[in-house]
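Visitor: Just dropping this structure here.
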Amino acid sequence: MTHTLIAYVATFCYLASAALIGIRLFRKEGWIPERPLALAVGFAGLLLHSWLLWDSIFSTAGINLGFYHALALTSWTIIALMLISSLNKPVDNLGLILLPAAALSLIFETHFADVGFMRPTASWSLKLHVLLSMLAYSLLTLAAVQSILLAVQDHHLRNRHPGGFVRTLPPLQTMESLLFEMISAGFVLLTFALLSGFAFLENMFAQHLVHKTVLSVLAWLVFGGLLIGRFRNGWRGRTAIVWTLGGFVMLILAYFGSKAVLQFILQRSAG
C-alpha cells in the first residue's frame, strides 16, 4: 500500500467515524449505529494514521516536524486522547469536529510535503519539551471543542429547545465537569512544558522564539485565571467558554501561527 492510499483509507475511516457519531446525535428514528462501531472505525483510522506518521516523520535524519507533518502529528495525538478517553467517558461527541479536522490534516500532510528536522542528536530535554507541549496543546484542543459543544447545549437550553442532538449529550453539569478536567490536565502539562523550556533551552526569548514564548505564557495565564475563577468564584457557563476559547486561540497562534510565519514567510526551520 502506498503512502497516499493509506492516507485516503485513514481519511475515509475518520470521516466515516464522524458520520456515525453524527447519525447517533441527529437521527431520531431508523437505523442508529451503536457507539462501539463509531469508536472502532475511529481506532482503525488512528492505526493507519500511526503507520503514516512512522513512515513520513521518523527517519535516520531525525524527526521531521515541518508544518504539515507537525499538524498531522498533533492531530494524531488529539484523536488518540479522544478515542482512549471515550472508552470510559462520554467525550466521543467531540469527534464530530475533531475527526474531520484530523482527516484534513492527513490530506495536507500527503500532498504538501515539507521538511523541518529535529536532529537525532537533539537533547533529551528538547524532546521532553516538545512532548509536553504537544500533549498540553492536544488536551486543551479537546477542551476548546468541548467548550463549543457546551456553548451549543447552553444556547439550546436557554432558548427552551432541549431536543435535537442536545438530548443525546450528557447533562450540562457533566459537560462542564469534563471541560474543567481537560483544562486542569492541560494546564498542568502546559506548566511543565513552559518550565522545561525555561530550564533546558538556551534562550526562550530568542528572536525566532519570542512570539511563541509570549503567547504561550499568555495562554497559561488565561487558563490559570479560569481555574482560579472556577475555584474561588464558581465560574461556569459562558464565562468558562469565552476564557477557554481565548486561551486556545493564543495557543494556536503560539505554535502553528509562529511556525507558519517562520517556515513559509521567513523561510526558516521552525522545528
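Order determines the names: the first chain of the C-alpha cells is A, the second B, and so forth; residues in each chain are numbered 1 upward, and ligands are numbered 1 upward as they are shown.
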Mind listing the strand (DSSP E or B) residues of stretch 61-256 of chain A, per DSSP on the backbone, as a PyMOL selection string?

Guide: chain A and resi 62-64+117-118

Visitor: Can you tell me, as a list in words, what residues are no more than 12 Å from A:Thr2 when counting only C-alpha atoms, ignoring any on the same chain fewer than 5 positions away?

Guide: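 So the residues in contact are Ala7, Tyr8, Val9, Leu48, Trp51, Leu52, Asp55, Ser56 and Thr110 of chain A.
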
Visitor: For the selection you just gave me, I'd like the residues written to a file as a PDB file, in the first residue's frame, keeping N, CA and C atoms.

Guide:
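Here's the written file out_22.pdb:
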ATOM      1  N   ALA A   7      -3.220   7.052   3.350  1.00  0.00           N
ATOM      2  CA  ALA A   7      -3.754   8.333   3.826  1.00  0.00           C
ATOM      3  C   ALA A   7      -5.234   8.463   3.492  1.00  0.00           C
ATOM      4  N   TYR A   8      -5.617   8.034   2.280  1.00  0.00           N
ATOM      5  CA  TYR A   8      -7.020   8.151   1.890  1.00  0.00           C
ATOM      6  C   TYR A   8      -7.905   7.153   2.641  1.00  0.00           C
ATOM      7  N   VAL A   9      -7.389   5.967   2.900  1.00  0.00           N
ATOM      8  CA  VAL A   9      -8.168   4.996   3.681  1.00  0.00           C
ATOM      9  C   VAL A   9      -8.345   5.512   5.115  1.00  0.00           C
ATOM     10  N   LEU A  48      -4.014   3.472  11.053  1.00  0.00           N
ATOM     11  CA  LEU A  48      -3.447   3.832   9.752  1.00  0.00           C
ATOM     12  C   LEU A  48      -2.696   5.161   9.830  1.00  0.00           C
ATOM     13  N   TRP A  51       0.707   4.513  11.172  1.00  0.00           N
ATOM     14  CA  TRP A  51       1.571   3.968  10.134  1.00  0.00           C
ATOM     15  C   TRP A  51       2.131   5.091   9.255  1.00  0.00           C
ATOM     16  N   LEU A  52       1.255   6.026   8.879  1.00  0.00           N
ATOM     17  CA  LEU A  52       1.674   7.148   8.045  1.00  0.00           C
ATOM     18  C   LEU A  52       2.735   7.996   8.734  1.00  0.00           C
ATOM     19  N   ASP A  55       6.082   6.394   8.835  1.00  0.00           N
ATOM     20  CA  ASP A  55       6.692   6.365   7.511  1.00  0.00           C
ATOM     21  C   ASP A  55       7.234   7.732   7.085  1.00  0.00           C
ATOM     22  N   SER A  56       6.555   8.810   7.493  1.00  0.00           N
ATOM     23  CA  SER A  56       6.903  10.129   6.960  1.00  0.00           C
ATOM     24  C   SER A  56       7.648  11.040   7.929  1.00  0.00           C
ATOM     25  N   THR A 110      -0.078  14.657   3.123  1.00  0.00           N
ATOM     26  CA  THR A 110       0.209  13.806   1.975  1.00  0.00           C
ATOM     27  C   THR A 110       0.577  14.604   0.730  1.00  0.00           C
TER      28      THR A 110
END

Visitor: Atom CA of A:Trp243 and atom CA of A:Phe223, how far apart in Å?

Guide: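 Interatomic distance, atom CA of A:Phe223 to atom CA of A:Trp243: 7.2 Å.
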
Visitor: How many Å separate atom CA of A:Ile241 from atom CA of A:Lys212?

Guide: 23.4 Å

Visitor: Give me the residues within 10 Å of A:Phe192 as a short mmCIF file (atom, residue, chain, number, x, y, z; two decimals) with N, CA and C atoms, in the first residue's frame, counting only C-alpha atoms and dropping any in the same chain fewer than 2 places off.

Guide:
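Below is the file part_35.cif, written as the result:
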data_model
loop_
_atom_site.label_atom_id
_atom_site.label_comp_id
_atom_site.auth_asym_id
_atom_site.auth_seq_id
_atom_site.Cartn_x
_atom_site.Cartn_y
_atom_site.Cartn_z
N LEU A 128 11.77 16.24 25.50
CA LEU A 128 10.78 16.29 26.58
C LEU A 128 9.91 17.53 26.46
N HIS A 129 10.53 18.67 26.15
CA HIS A 129 9.79 19.92 25.99
C HIS A 129 8.77 19.81 24.87
N LEU A 132 5.84 17.42 25.99
CA LEU A 132 4.94 18.05 26.93
C LEU A 132 4.09 19.13 26.25
N SER A 133 4.71 19.88 25.36
CA SER A 133 3.99 20.94 24.64
C SER A 133 2.88 20.34 23.79
N ALA A 136 0.04 19.01 25.99
CA ALA A 136 -0.72 20.13 26.55
C ALA A 136 -1.62 20.73 25.49
N GLY A 186 -4.60 19.82 31.04
CA GLY A 186 -3.85 20.56 30.04
C GLY A 186 -3.01 21.67 30.65
N PHE A 187 -3.55 22.33 31.67
CA PHE A 187 -2.83 23.41 32.34
C PHE A 187 -1.58 22.87 33.04
N VAL A 188 -1.71 21.73 33.69
CA VAL A 188 -0.55 21.12 34.36
C VAL A 188 0.53 20.79 33.34
N LEU A 189 0.13 20.18 32.21
CA LEU A 189 1.11 19.83 31.17
C LEU A 189 1.73 21.09 30.56
N LEU A 190 0.92 22.13 30.35
CA LEU A 190 1.45 23.37 29.80
C LEU A 190 2.44 24.01 30.77
N LEU A 194 6.33 24.75 29.78
CA LEU A 194 7.00 26.05 29.90
C LEU A 194 8.21 25.97 30.83
N LEU A 195 8.04 25.27 31.95
CA LEU A 195 9.17 25.14 32.88
C LEU A 195 10.34 24.40 32.23
N SER A 196 10.05 23.35 31.47
CA SER A 196 11.12 22.61 30.79
C SER A 196 11.80 23.49 29.75
N GLY A 197 11.03 24.35 29.09
CA GLY A 197 11.61 25.24 28.12
C GLY A 197 12.54 26.26 28.75
N PHE A 198 12.09 26.89 29.82
CA PHE A 198 12.91 27.89 30.50
C PHE A 198 14.13 27.25 31.17
#

Visitor: Please determine, counting only C-alpha atoms, which residue among A:Leu140, A:Met82, A:Leu96, A:Ala193 has the shortest atom-to-atom distance to A:Ser125.

Guide: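 Once distances to A:Ser125 are computed over only C-alpha atoms, the minimum belongs to A:Ala193.
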
Visitor: Would you please work out which residue, of A:Ile23, A:Arg238, A:His69, A:Val222, is nearest to A:Val152 when using only C-alpha atoms?

Guide: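 Nearest candidate to A:Val152 out of A:Ile23, A:Arg238, A:His69, A:Val222: A:Arg238.
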
Visitor: Pull the helix (DSSP H, G or I) assignments for stretch 151-204 of chain A out of DSSP run on the backbone, and list those residues as an MDAnalysis selection string.

Guide: chainID A and resid 151:158 164:168 172:200

Visitor: As a ChimeraX atom specification, please: the residues near A:Ala70 (cut-off 10 Å, only C-alpha atoms, same-chain neighbours under 3 positions excluded).

Guide: /A:53,57,63-67,73-76,105,109,114,116,134,255-256,259,271

Visitor: So that I can see what lies close to stretch 30-41 of chain A, please list as an NGL selection string the residues with an atom at most 12 Å from it, counting only C-alpha atoms and leaving out residues fewer than 3 positions away in the same chain.

Guide: :A and (9-27 or 44-48 or 79-80 or 82-88 or 90-96 or 99 or 168)

Visitor: Which residue is closest to A:Ser177? Choose from A:Trp220, A:His111, A:Ala254, A:Gln146 and count only C-alpha atoms.

Guide: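 Smallest distance to A:Ser177 is found for A:Gln146.
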
Visitor: For each of A:Ala102, A:Gly247, A:Tyr68, A:Thr141, take the minimum atom-to-atom distance to A:Leu215, counting only C-alpha atoms, then give the residue where this is smallest.

Guide: A:Gly247

Visitor: When you draw a straight line from atom CA of A:Arg160 to atom CA of A:Leu178, how long is it in Å?

Guide: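 Answer for the atom CA of A:Arg160 to atom CA of A:Leu178 separation: 23.2 Å.
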
Visitor: So, counting only C-alpha atoms, which residue among A:Thr77, A:Ala143, A:Trp235, A:Ser184 is closest to A:Leu131?

Guide: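 Nearest candidate to A:Leu131 out of A:Thr77, A:Ala143, A:Trp235, A:Ser184: A:Thr77.
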